[in-house]
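File shown here: upload.cif, holding mmCIF, C-alpha atoms.
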```
data_final
#
loop_
_atom_site.label_atom_id
_atom_site.label_comp_id
_atom_site.auth_asym_id
_atom_site.auth_seq_id
_atom_site.Cartn_x
_atom_site.Cartn_y
_atom_site.Cartn_z
CA MET A 279 -8.14 -12.12 -4.79
CA HIS A 280 -6.80 -15.12 -2.89
CA TRP A 281 -4.71 -14.13 0.14
CA PRO A 282 -1.81 -16.60 0.40
CA TRP A 283 -0.35 -15.56 3.76
CA PRO A 284 -1.22 -16.88 7.25
CA TYR A 285 -3.05 -14.86 9.89
CA LEU A 286 -1.79 -14.24 13.41
CA THR A 287 -5.30 -15.02 14.67
CA GLY A 288 -5.83 -17.99 12.36
CA ASP A 289 -7.09 -20.10 15.28
CA ILE A 290 -10.10 -17.79 15.63
CA ALA A 291 -12.78 -18.54 13.04
CA PRO A 292 -13.61 -15.88 10.44
CA ILE A 293 -16.09 -13.33 11.75
CA PRO A 294 -18.69 -12.49 9.06
CA LEU A 295 -18.97 -8.73 8.58
CA GLN A 296 -19.95 -6.17 5.99
CA ILE A 297 -17.20 -3.61 5.41
CA LYS A 298 -17.05 -0.47 3.28
CA GLN A 299 -20.69 -0.68 2.27
CA ARG A 300 -20.63 3.10 1.77
CA PRO A 301 -17.84 5.70 1.85
CA GLU A 302 -18.75 6.93 5.33
CA ASP A 303 -18.07 3.45 6.74
CA PHE A 304 -14.33 3.89 6.20
CA GLU A 305 -12.82 7.26 7.09
CA VAL A 306 -9.12 8.12 7.09
CA GLU A 307 -7.48 11.32 8.29
CA GLU A 308 -3.80 11.98 7.71
CA LEU A 309 -1.75 13.12 10.70
CA PRO A 310 0.86 15.60 9.39
CA LEU A 311 4.51 15.11 10.21
CA TYR A 312 4.88 18.87 10.74
CA PRO A 313 2.63 21.94 10.66
CA ALA A 314 2.61 24.45 7.82
CA SER A 315 4.82 27.43 8.61
CA GLY A 316 2.42 30.04 7.29
CA GLU A 317 4.99 31.44 4.86
CA GLY A 318 6.43 30.35 1.51
CA THR A 319 5.61 29.79 -2.14
CA HIS A 320 3.90 26.44 -1.59
CA LEU A 321 0.29 25.97 -0.56
CA PHE A 322 -0.58 23.03 1.67
CA VAL A 323 -4.15 22.17 0.70
CA THR A 324 -6.26 19.90 2.89
CA ILE A 325 -8.79 18.03 0.77
CA GLU A 326 -11.59 15.58 1.47
CA LYS A 327 -12.24 13.01 -1.25
CA ARG A 328 -14.77 10.24 -1.78
CA GLY A 329 -14.47 7.41 -4.25
CA LEU A 330 -11.18 8.73 -5.63
CA THR A 331 -7.63 7.47 -5.29
CA THR A 332 -5.00 10.03 -4.39
CA GLN A 333 -3.64 9.88 -7.94
CA ASP A 334 -7.11 10.41 -9.44
CA ALA A 335 -7.64 13.43 -7.21
CA ILE A 336 -4.24 14.87 -8.13
CA ARG A 337 -4.89 14.43 -11.85
CA ASP A 338 -8.26 16.19 -11.57
CA ILE A 339 -6.82 19.06 -9.53
CA ALA A 340 -3.83 19.42 -11.86
CA ARG A 341 -6.14 19.63 -14.86
CA GLN A 342 -8.19 22.41 -13.27
CA LEU A 343 -5.01 24.31 -12.35
CA GLY A 344 -3.34 23.75 -15.74
CA GLN A 345 -0.38 21.98 -14.13
CA ALA A 346 1.32 18.64 -14.62
CA PRO A 347 0.32 16.06 -11.96
CA ARG A 348 3.98 15.64 -10.99
CA ALA A 349 4.04 19.27 -9.82
CA ILE A 350 1.62 18.43 -7.01
CA GLY A 351 3.09 16.99 -3.82
CA TYR A 352 1.47 14.56 -1.43
CA ALA A 353 2.52 12.71 1.74
CA GLY A 354 0.55 9.48 1.40
CA GLN A 355 -1.38 7.37 -1.11
CA LYS A 356 -5.01 6.66 -0.30
CA ASP A 357 -7.49 4.23 -1.85
CA ALA A 358 -10.67 5.17 -3.64
CA VAL A 359 -13.01 3.38 -1.22
CA GLY A 360 -13.91 5.58 1.73
CA VAL A 361 -13.69 9.18 2.84
CA THR A 362 -10.15 10.53 3.09
CA ARG A 363 -8.85 13.81 4.44
CA GLN A 364 -5.26 14.47 3.38
CA ARG A 365 -2.86 17.26 2.40
CA ILE A 366 -1.43 18.01 -1.02
CA SER A 367 0.89 20.84 -2.01
CA VAL A 368 1.02 23.18 -5.02
CA GLU A 369 3.46 25.98 -5.77
CA HIS A 370 3.02 29.48 -7.23
CA VAL A 371 -0.78 29.20 -7.29
CA ASP A 372 -3.20 31.91 -6.17
CA PRO A 373 -5.25 30.54 -3.23
CA ALA A 374 -8.37 31.82 -4.98
CA ARG A 375 -7.79 29.29 -7.77
CA ILE A 376 -7.68 26.51 -5.20
CA GLU A 377 -10.91 27.73 -3.63
CA ALA A 378 -12.49 27.72 -7.10
CA ILE A 379 -11.85 24.02 -7.67
CA ARG A 380 -15.07 22.17 -8.38
CA HIS A 381 -15.43 18.42 -8.18
CA GLY A 382 -18.39 16.26 -7.21
CA ARG A 383 -16.28 13.88 -5.09
CA LEU A 384 -13.70 16.30 -3.70
CA ARG A 385 -13.76 19.46 -1.63
CA VAL A 386 -11.13 21.81 -0.22
CA LEU A 387 -11.12 22.05 3.59
CA GLY A 388 -8.21 24.41 4.17
CA ILE A 389 -5.23 26.21 2.66
CA GLU A 390 -1.94 27.10 4.41
CA ARG A 391 1.39 28.41 3.17
CA HIS A 392 4.69 26.60 3.55
CA GLY A 393 8.27 26.72 2.29
CA ASN A 394 8.62 23.29 0.65
CA LYS A 395 6.76 20.71 -1.42
CA LEU A 396 5.14 17.77 0.35
CA LYS A 397 7.01 14.53 -0.27
CA LEU A 398 5.86 10.94 0.08
CA GLY A 399 6.43 9.92 3.70
CA HIS A 400 5.99 13.41 5.19
CA LEU A 401 3.37 11.84 7.42
CA ALA A 402 3.20 10.97 11.12
CA GLY A 403 0.41 8.44 10.67
CA ASN A 404 -3.28 8.03 9.91
CA ARG A 405 -6.37 8.13 12.10
CA PHE A 406 -9.11 5.67 11.11
CA ARG A 407 -12.81 5.35 11.86
CA VAL A 408 -14.23 2.07 10.54
CA LYS A 409 -17.82 0.89 10.83
CA LEU A 410 -18.28 -2.89 10.79
CA ARG A 411 -21.82 -4.00 10.01
CA GLY A 412 -23.57 -7.30 10.50
CA LEU A 413 -21.63 -8.49 13.55
CA SER A 414 -23.53 -11.30 15.23
CA PRO A 415 -23.82 -10.80 19.02
CA ASP A 416 -22.42 -14.28 19.62
CA ARG A 417 -19.17 -13.28 17.83
CA GLU A 418 -18.49 -10.12 19.84
CA HIS A 419 -16.23 -12.06 22.18
CA ASP A 420 -14.18 -13.30 19.22
CA LEU A 421 -13.87 -9.77 17.84
CA HIS A 422 -12.45 -8.56 21.14
CA ALA A 423 -10.14 -11.60 21.31
CA VAL A 424 -8.71 -10.75 17.87
CA LEU A 425 -8.19 -7.10 18.80
CA GLU A 426 -6.65 -8.01 22.16
CA ARG A 427 -4.05 -10.26 20.51
CA LEU A 428 -3.23 -7.68 17.85
CA THR A 429 -2.84 -5.01 20.51
CA LEU A 430 -0.61 -7.21 22.68
CA ARG A 431 1.65 -8.73 20.00
CA GLY A 432 1.28 -6.25 17.15
CA VAL A 433 -0.33 -6.48 13.74
CA PRO A 434 1.51 -8.44 11.03
CA ASN A 435 2.88 -5.69 8.80
CA TYR A 436 1.97 -7.38 5.54
CA PHE A 437 1.75 -5.32 2.42
CA GLY A 438 -1.96 -5.46 1.67
CA PRO A 439 -3.91 -6.49 -1.42
CA GLN A 440 -3.87 -2.90 -2.72
CA ARG A 441 -0.14 -3.35 -3.23
CA PHE A 442 -0.71 -6.20 -5.70
CA GLY A 443 -3.40 -4.87 -8.02
CA MET A 444 -6.95 -6.01 -8.65
CA ARG A 445 -5.76 -9.41 -9.91
CA GLY A 446 -3.10 -9.84 -7.24
CA ASP A 447 -0.35 -10.40 -9.83
CA SER A 448 1.41 -7.04 -10.13
CA TRP A 449 4.37 -8.55 -8.25
CA SER A 450 4.97 -10.95 -11.16
CA VAL A 451 5.17 -7.99 -13.55
CA GLY A 452 7.78 -6.49 -11.22
CA ARG A 453 9.72 -9.74 -11.18
CA ALA A 454 9.83 -9.81 -14.98
CA LEU A 455 11.01 -6.18 -15.05
CA MET A 456 13.79 -6.97 -12.60
CA HIS A 457 15.05 -9.69 -14.93
CA GLY A 458 14.69 -7.66 -18.12
CA ASP A 459 11.99 -9.97 -19.47
CA PHE A 460 9.91 -7.26 -21.15
CA ALA A 461 7.76 -9.71 -23.13
CA GLU A 462 6.67 -11.47 -19.92
CA ALA A 463 6.11 -8.16 -18.08
CA LEU A 464 3.90 -6.85 -20.88
CA ALA A 465 2.04 -10.16 -21.22
CA VAL A 466 0.97 -10.09 -17.55
CA PHE A 467 0.39 -6.32 -17.48
CA ALA A 468 -1.85 -6.22 -20.56
CA GLY A 469 -2.90 -9.82 -21.21
CA ARG A 470 -3.26 -13.21 -19.52
CA ALA A 471 -7.03 -12.86 -19.27
CA SER A 472 -8.40 -14.65 -16.21
CA GLU A 473 -11.47 -15.07 -14.04
CA HIS A 474 -10.48 -11.87 -12.23
CA ASP A 475 -11.25 -9.82 -15.35
CA SER A 476 -14.61 -8.72 -16.70
CA GLY A 477 -16.24 -6.38 -19.19
CA ALA A 478 -14.07 -4.22 -21.40
CA VAL A 479 -10.89 -5.14 -19.49
CA LEU A 480 -11.49 -8.85 -20.14
CA LYS A 481 -12.03 -8.16 -23.85
CA ALA A 482 -8.88 -6.02 -24.07
CA ARG A 483 -6.77 -8.72 -22.42
CA GLN A 484 -8.20 -11.42 -24.67
CA LEU A 485 -7.38 -9.38 -27.77
CA PHE A 486 -3.84 -8.84 -26.50
CA ASP A 487 -3.43 -12.56 -25.88
CA ALA A 488 -4.55 -13.17 -29.46
CA GLY A 489 -1.88 -10.77 -30.74
CA GLU A 490 -4.46 -8.25 -31.97
CA TYR A 491 -2.67 -5.30 -30.42
CA ALA A 492 -4.35 -2.51 -32.37
CA ARG A 493 -7.81 -3.78 -31.46
CA ALA A 494 -6.70 -4.37 -27.87
CA ALA A 495 -5.52 -0.75 -27.59
CA LYS A 496 -8.95 0.46 -28.70
CA ALA A 497 -10.68 -1.89 -26.26
CA TRP A 498 -8.91 -0.72 -23.10
CA PRO A 499 -11.14 1.70 -21.10
CA ARG A 500 -9.82 5.26 -20.93
CA GLY A 501 -9.05 4.97 -17.24
CA PHE A 502 -6.35 2.37 -17.96
CA ARG A 503 -3.91 4.88 -19.43
CA ASP A 504 -0.74 2.82 -19.02
CA SER A 505 -2.24 -0.32 -20.52
CA LEU A 506 -3.60 1.64 -23.45
CA ARG A 507 -0.28 3.36 -24.13
CA ALA A 508 1.78 0.19 -23.81
CA VAL A 509 -0.47 -1.84 -26.09
CA SER A 510 -0.62 0.99 -28.63
CA VAL A 511 3.18 1.06 -28.83
CA MET A 512 3.25 -2.73 -29.08
CA GLY A 513 0.83 -2.54 -32.00
CA ARG A 514 3.04 -0.04 -33.85
CA THR A 515 6.44 -1.56 -33.09
CA ASP A 516 5.97 -5.20 -32.02
CA ASP A 517 8.73 -4.40 -29.50
CA PRO A 518 7.93 -5.35 -25.87
CA ARG A 519 10.81 -3.25 -24.54
CA ARG A 520 9.50 -0.07 -26.17
CA ALA A 521 5.96 -0.92 -25.09
CA VAL A 522 7.01 -1.32 -21.45
CA ARG A 523 8.92 1.96 -21.64
CA ALA A 524 5.64 3.66 -22.56
CA ILE A 525 4.29 2.87 -19.08
CA ASP A 526 4.54 5.73 -16.61
CA ARG A 527 7.81 5.59 -14.69
CA ASN A 528 6.03 5.81 -11.33
CA GLN A 529 3.88 2.85 -12.31
CA LEU A 530 6.96 0.83 -13.22
CA ARG A 531 8.47 1.65 -9.82
CA PHE A 532 5.21 0.57 -8.19
CA LEU A 533 5.37 -2.78 -10.00
CA VAL A 534 8.94 -3.43 -8.91
CA GLY A 535 7.94 -2.38 -5.39
CA SER A 536 5.14 -4.92 -5.57
CA TYR A 537 7.71 -7.66 -6.10
CA GLN A 538 9.73 -6.38 -3.12
CA SER A 539 6.48 -6.45 -1.12
CA HIS A 540 5.73 -10.02 -2.17
CA LEU A 541 9.13 -11.22 -0.95
CA PHE A 542 8.77 -9.26 2.30
CA ASN A 543 5.40 -10.92 2.92
CA ALA A 544 6.98 -14.32 2.36
CA VAL A 545 9.60 -13.65 5.05
CA LEU A 546 6.98 -12.30 7.46
CA ALA A 547 4.81 -15.37 6.92
CA GLU A 548 7.76 -17.61 7.80
CA ARG A 549 8.48 -15.67 10.99
CA LEU A 550 4.86 -15.09 12.01
CA PRO A 551 4.73 -17.53 14.96
CA ASN A 552 7.45 -15.49 16.73
CA PHE A 553 7.32 -12.24 14.77
CA ASP A 554 7.22 -10.19 17.96
CA ARG A 555 10.59 -11.56 19.17
CA VAL A 556 14.05 -10.53 18.04
CA LEU A 557 16.74 -13.07 17.20
CA ASP A 558 20.51 -12.84 17.24
CA GLY A 559 21.46 -11.30 13.90
CA ASP A 560 18.21 -9.40 13.49
CA LEU A 561 18.14 -5.82 12.31
CA ALA A 562 15.67 -4.33 14.78
CA HIS A 563 13.54 -1.22 14.35
CA LYS A 564 13.34 1.28 17.21
CA GLU A 565 9.76 2.42 17.61
CA ASP A 566 10.62 5.86 19.00
CA ASN A 567 12.83 7.13 16.18
CA GLY A 568 12.84 4.53 13.40
CA ALA A 569 16.54 3.71 13.76
CA ILE A 570 17.77 0.25 12.76
CA PHE A 571 20.38 -1.64 14.78
CA LEU A 572 21.96 -5.11 14.79
CA VAL A 573 20.76 -7.42 17.58
CA GLU A 574 23.83 -9.07 19.09
CA ASP A 575 22.17 -10.44 22.24
CA ALA A 576 18.53 -11.41 21.72
CA VAL A 577 18.09 -12.41 25.36
CA LEU A 578 19.20 -8.96 26.49
CA GLU A 579 16.87 -7.25 24.00
CA ALA A 580 13.84 -9.47 24.67
CA PRO A 581 12.27 -7.19 27.32
CA ARG A 582 12.41 -4.23 24.93
CA ALA A 583 10.63 -6.27 22.26
CA ALA A 584 8.00 -7.33 24.81
CA ARG A 585 7.39 -3.64 25.62
CA PHE A 586 7.07 -2.89 21.90
CA GLU A 587 10.10 -0.59 22.02
CA ILE A 588 11.78 -2.56 19.23
CA SER A 589 10.62 -4.95 16.51
CA PRO A 590 12.39 -7.27 14.07
CA THR A 591 12.47 -6.19 10.45
CA GLY A 592 12.12 -7.91 7.10
CA PRO A 593 13.85 -7.24 3.77
CA LEU A 594 12.97 -4.76 1.07
CA TYR A 595 15.55 -5.98 -1.40
CA GLY A 596 17.65 -3.35 -3.16
CA GLY A 597 21.09 -1.84 -3.40
CA ARG A 598 20.98 -0.11 -0.01
CA MET A 599 19.34 -2.87 2.01
CA SER A 600 21.30 -3.92 5.08
CA ALA A 601 21.71 -7.66 5.51
CA THR A 602 20.85 -9.63 8.63
CA ALA A 603 22.99 -12.43 10.12
CA GLY A 604 22.42 -15.81 11.74
CA GLU A 605 18.92 -17.30 11.73
CA PRO A 606 17.21 -14.19 10.25
CA ALA A 607 19.64 -14.30 7.33
CA ARG A 608 18.89 -18.00 6.80
CA ILE A 609 15.14 -17.36 6.74
CA GLU A 610 15.54 -14.53 4.24
CA ALA A 611 17.85 -16.57 2.03
CA ALA A 612 15.37 -19.47 2.06
CA ALA A 613 12.52 -17.16 0.98
CA LEU A 614 14.64 -15.96 -1.96
CA GLU A 615 15.53 -19.53 -2.89
CA ARG A 616 11.87 -20.60 -2.91
CA ALA A 617 11.14 -17.68 -5.25
CA GLY A 618 14.01 -18.67 -7.53
CA GLU A 619 15.58 -15.30 -6.82
CA THR A 620 18.85 -13.75 -5.68
CA SER A 621 19.41 -10.52 -3.81
CA GLU A 622 21.93 -9.47 -6.48
CA ALA A 623 19.10 -9.16 -9.01
CA PHE A 624 17.87 -6.09 -7.10
CA GLU A 625 21.20 -4.31 -7.05
CA SER A 626 21.68 -3.40 -10.72
CA GLY A 627 19.73 -2.72 -13.89
CA PRO A 628 17.33 0.04 -14.96
CA PHE A 629 14.66 -0.90 -12.43
CA ALA A 630 16.87 -1.64 -9.41
CA PRO A 631 15.14 -0.32 -6.25
CA THR A 632 16.87 1.43 -3.38
CA GLY A 633 15.92 -1.19 -0.82
CA GLY A 634 15.63 -1.00 2.95
CA ARG A 635 14.14 -2.70 6.00
CA ARG A 636 10.50 -2.79 7.21
CA PRO A 637 9.22 -3.75 10.67
CA LEU A 638 7.51 -7.14 10.77
CA ARG A 639 4.74 -5.71 12.94
CA PHE A 640 3.06 -2.43 13.78
CA ARG A 641 1.27 -1.13 16.82
CA ILE A 642 -2.38 -0.09 17.11
CA ALA A 643 -2.67 3.18 19.05
CA ASP A 644 -5.71 4.79 20.67
CA LEU A 645 -7.99 1.82 19.92
CA GLU A 646 -11.65 2.35 20.81
CA VAL A 647 -14.51 -0.05 20.13
CA GLU A 648 -18.11 1.05 20.43
CA SER A 649 -21.54 0.02 19.18
CA GLY A 650 -24.00 2.31 17.50
CA ALA A 651 -26.70 2.73 14.90
CA ASP A 652 -27.40 5.11 12.04
CA ASP A 653 -29.83 5.36 9.13
CA HIS A 654 -28.26 2.23 7.62
CA GLY A 655 -28.58 0.03 10.69
CA ASP A 656 -26.47 -1.20 13.59
CA PHE A 657 -22.69 -1.13 13.50
CA THR A 658 -19.59 -1.76 15.57
CA GLN A 659 -17.16 1.13 15.20
CA LEU A 660 -13.39 0.90 15.52
CA ARG A 661 -11.28 4.01 16.04
CA PHE A 662 -7.49 3.75 15.97
CA VAL A 663 -4.27 5.39 14.83
CA LEU A 664 -1.60 3.64 12.75
CA PRO A 665 1.94 4.63 11.79
CA SER A 666 2.58 5.88 8.28
CA GLY A 667 2.78 3.10 5.70
CA CYS A 668 0.71 0.59 7.70
CA TYR A 669 -2.57 -0.81 6.42
CA ALA A 670 -5.85 -0.72 8.33
CA THR A 671 -6.95 -3.56 6.07
CA ALA A 672 -4.40 -5.76 7.87
CA ILE A 673 -6.51 -5.40 11.01
CA ILE A 674 -9.77 -5.99 9.20
CA ALA A 675 -8.34 -9.04 7.46
CA GLU A 676 -7.44 -10.62 10.80
CA ILE A 677 -11.09 -10.21 11.84
CA HIS A 678 -12.88 -11.70 8.86
CA LYS A 679 -9.94 -13.69 7.37
CA SER A 680 -10.38 -12.36 3.89
CA ALA A 681 -8.20 -9.93 1.89
#
```
As a first step, turn the structure in this file into structure tokens.
Amino acid sequence: MHWPWPYLTGDIAPIPLQIKQRPEDFEVEELPLYPASGEGTHLFVTIEKRGLTTQDAIRDIARQLGQAPRAIGYAGQKDAVGVTRQRISVEHVDPARIEAIRHGRLRVLGIERHGNKLKLGHLAGNRFRVKLRGLSPDREHDLHAVLERLTLRGVPNYFGPQRFGMRGDSWSVGRALMHGDFAEALAVFAGRASEHDSGAVLKARQLFDAGEYARAAKAWPRGFRDSLRAVSVMGRTDDPRRAVRAIDRNQLRFLVGSYQSHLFNAVLAERLPNFDRVLDGDLAHKEDNGAIFLVEDAVLEAPRAARFEISPTGPLYGGRMSATAGEPARIEAAALERAGETSEAFESGPFAPTGGRRPLRFRIADLEVESGADDHGDFTQLRFVLPSGCYATAIIAEIHKSA
């Protein structure tokens, strides 16, 4: 997909690299927010998965346990590409049944008891080990220059491509949902065939665009459950509202969140040249405890921003989002105006999100760079730790300038 946002290191030419050539080239380990207590009706299960999203893994585990996927808790969402070690939680299940789980791309590493279900966000951060292959020796200096700048100023906290779907347009579905335009939401979600589509998915979208909903429903691959359900309902009822309502509620929330993410990225892009400085009227994020406070004297707060103790935030529009003042408010209002949007649209209606603030940057911790070789050739390995909710792909993108 085309990445429309500027890079902090845009003055450094793209560094050609091969990334994620095999699962072992991209490893992620969740860092728990708290340890299991050792007692309780819930089991915290540490799993290792390969080539599975978190949701795919949960669905497979739920099926083997005879439970609904929603009964299984998790702290963070992980992509399919790579090797991921993370915790999930189940309740009132014999540990022996967990140990008996069989899956070719998933294994159980440990089981501990605890008193509550894991919730999204119950995560201190993630530890990454990334192997970059094909780095030319004459570009090693540029690699270190990119990493040095990101370490000094912070990494732009963009929502990454995974937030916007394979075609990069999930945010436009969310926008249509926010405005109650169910026909437009369904058209983008299940149709509008483009060069980003191929195979059975391309055929299904083309059939939808032609109004052949029954045939389109049969054409969607089984893995696209929401598309299949929505198009099936459309074929029976010719009612876009009912068809959209057939989509899983969590997926609908994700789509609306994608639109929030798109608008956040637009604000961050506007502030990128000075995204590591606070302005009068900013709502700043405290790195030590996550608290948000109003910046009344940017000059006074500047040293704290330089030490990475505080960072400016951007908007996640919704009913509970706190508003900035002064120049930050003007920038955020201008981003909304360019999108043809108003903040009020996020404050009511069936899909209205909660809203909040998100730091414009994040810090790389424990960064290590080393060279090595394995059975697949030479590599440059990056090890680092990121806060919860921050994307390692944001770092990689700054290196090779491609989302």
Residues at most 12 Å from Arg608 (chain A), counting only C-alpha atoms, excluding those fewer than 2 positions away in the same chain, as an MDAnalysis selection string?
chainID A and resid 545 548:549 557:560 601:606 610:615
Which protein, DNA or RNA residues are at most 10 Å from (18.4, -1.9, -0.4) in the file's coordinates when you count all atoms listed in the file, listed as a list in words?
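Output of the proximity query reads Pro593, Leu594, Tyr595, Gly596, Gly597, Arg598, Met599, Ser600, Ala601, Ser621, Phe624, Glu625, Ala630, Pro631, Thr632, Gly633, Gly634 and Arg635 of chain A.
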Just say which residues the PyMOL selection byres ((chain A and resi 396) around 10) picks in this file, as a VMD selection string.
chain A and resid 320 to 322 350 to 354 365 to 368 392 to 395 397 to 401
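In this structure, CA of Ala580 (chain A) sits 24.5 Å away from CA of Asp644 (chain A).
In terms of minimum interatomic distance to His419 (chain A), A:Ile293 ranks closest within A:Asp656, A:Thr287, A:Ile293, A:Asp338, counting only C-alpha atoms.
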The PyMOL selection byres ((chain A and resi 389) around 8) resolved against shown file, as a list in words:
Leu321, Phe322, Val323, Thr324, Pro373, Val386, Leu387, Gly388, Glu390 and Arg391 of chain A
Could the residues in this selection be written to a file with C-alpha atoms, as a PDB file, in the coordinates of the input?
```pdb
ATOM      1  CA  LEU A 321       0.290  25.970  -0.560  1.00  0.00           C
ATOM      2  CA  PHE A 322      -0.580  23.030   1.670  1.00  0.00           C
ATOM      3  CA  VAL A 323      -4.150  22.170   0.700  1.00  0.00           C
ATOM      4  CA  THR A 324      -6.260  19.900   2.890  1.00  0.00           C
ATOM      5  CA  PRO A 373      -5.250  30.540  -3.230  1.00  0.00           C
ATOM      6  CA  VAL A 386     -11.130  21.810  -0.220  1.00  0.00           C
ATOM      7  CA  LEU A 387     -11.120  22.050   3.590  1.00  0.00           C
ATOM      8  CA  GLY A 388      -8.210  24.410   4.170  1.00  0.00           C
ATOM      9  CA  GLU A 390      -1.940  27.100   4.410  1.00  0.00           C
ATOM     10  CA  ARG A 391       1.390  28.410   3.170  1.00  0.00           C
TER      11      ARG A 391
END
```
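Of the listed residues A:Arg639, A:Arg385, A:Arg616, A:Arg493, the one whose atoms come nearest to Thr591 (chain A) is A:Arg639, with distances taken using all atoms listed in the file.
For the structure in this document, the set picked by the PyMOL selection byres ((chain A and resi 343) around 10) is Arg337, Asp338, Ile339, Ala340, Arg341, Gln342, Gly344, Gln345, Ala346, Pro347, Val368, Val371, Asp372, Arg375, Ile376, Ala378 and Ile379 of chain A.
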Leu430 (chain A) environment, 10 Å, all atoms listed in the file, sequence neighbours closer than 4 positions dropped, as a PDB file with C-alpha atoms, in the coordinates of the input:
```pdb
ATOM      1  CA  LEU A 425      -8.190  -7.100  18.800  1.00  0.00           C
ATOM      2  CA  GLU A 426      -6.650  -8.010  22.160  1.00  0.00           C
ATOM      3  CA  ASP A 554       7.220 -10.190  17.960  1.00  0.00           C
ATOM      4  CA  ALA A 584       8.000  -7.330  24.810  1.00  0.00           C
ATOM      5  CA  ARG A 585       7.390  -3.640  25.620  1.00  0.00           C
ATOM      6  CA  PHE A 586       7.070  -2.890  21.900  1.00  0.00           C
ATOM      7  CA  ARG A 641       1.270  -1.130  16.820  1.00  0.00           C
ATOM      8  CA  ILE A 642      -2.380  -0.090  17.110  1.00  0.00           C
TER       9      ILE A 642
END
```
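Between Phe657 (chain A) and the residues A:Val433, A:Leu295, A:Ala508, A:Ala454, the shortest atom-to-atom distance, using only C-alpha atoms, involves A:Leu295.
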Of the listed residues A:Ala488, A:Leu533, A:Gln440, A:Thr515, that which approaches Phe467 (chain A) most closely, counting only C-alpha atoms
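Result for the nearest residue to Phe467 (chain A): A:Leu533.
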Spatial neighbours of Leu660 (chain A), 8 Å, only C-alpha atoms, chain gap at least 5 places, as a list in words
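The neighbour list is Phe406, Arg407, Val408, Lys409, Leu410, Leu645, Glu646, Val647 and Glu648 of chain A.
Comparing the minimum interatomic distances between Ala675 (chain A) and each of A:Ala335, A:Arg523, A:Asn435, A:Gly316, counting only C-alpha atoms, we find that A:Asn435 sits nearest.
When the distance limit is 8 Å and only C-alpha atoms are what count, the residues near Phe629 (chain A), minus those fewer than 6 positions from it on the same chain, are Leu455, Met456, Leu530, Arg531 and Val534 of chain A.
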With all atoms listed in the file as the counted atoms, please give the residues lying no more than 9 Å from Ser414 (chain A), apart from itself and same-chain residues fewer than 2 positions off, as a list in words.
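Listing them by chain and then by number gives Ile293, Pro294, Leu295, Gly412, Asp416, Arg417 and Glu418 of chain A.
Among the candidate residues A:Glu619, A:Gln296, A:Gly403, A:Asp575, the one lying nearest to Gly655 (chain A) is A:Gln296, with distances computed using only C-alpha atoms.
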Residue list as a PDB file with C-alpha atoms, in the frame of the given file for point (1.4, -17.2, 13.6), cut-off 10 Å, all atoms listed in the file:
```pdb
ATOM      1  CA  PRO A 284      -1.220 -16.880   7.250  1.00  0.00           C
ATOM      2  CA  TYR A 285      -3.050 -14.860   9.890  1.00  0.00           C
ATOM      3  CA  LEU A 286      -1.790 -14.240  13.410  1.00  0.00           C
ATOM      4  CA  THR A 287      -5.300 -15.020  14.670  1.00  0.00           C
ATOM      5  CA  GLY A 288      -5.830 -17.990  12.360  1.00  0.00           C
ATOM      6  CA  ASP A 289      -7.090 -20.100  15.280  1.00  0.00           C
ATOM      7  CA  PRO A 434       1.510  -8.440  11.030  1.00  0.00           C
ATOM      8  CA  LEU A 546       6.980 -12.300   7.460  1.00  0.00           C
ATOM      9  CA  ALA A 547       4.810 -15.370   6.920  1.00  0.00           C
ATOM     10  CA  GLU A 548       7.760 -17.610   7.800  1.00  0.00           C
ATOM     11  CA  ARG A 549       8.480 -15.670  10.990  1.00  0.00           C
ATOM     12  CA  LEU A 550       4.860 -15.090  12.010  1.00  0.00           C
ATOM     13  CA  PRO A 551       4.730 -17.530  14.960  1.00  0.00           C
ATOM     14  CA  ASN A 552       7.450 -15.490  16.730  1.00  0.00           C
ATOM     15  CA  PHE A 553       7.320 -12.240  14.770  1.00  0.00           C
TER      16      PHE A 553
END
```
d(CA of Arg453 (chain A), CA of Ala521 (chain A)) in Å:
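CA of Ala521 (chain A) lies at a distance of 16.9 Å from CA of Arg453 (chain A).
Separating CA of Pro518 (chain A) from CA of Phe437 (chain A) is a distance of 29.0 Å.
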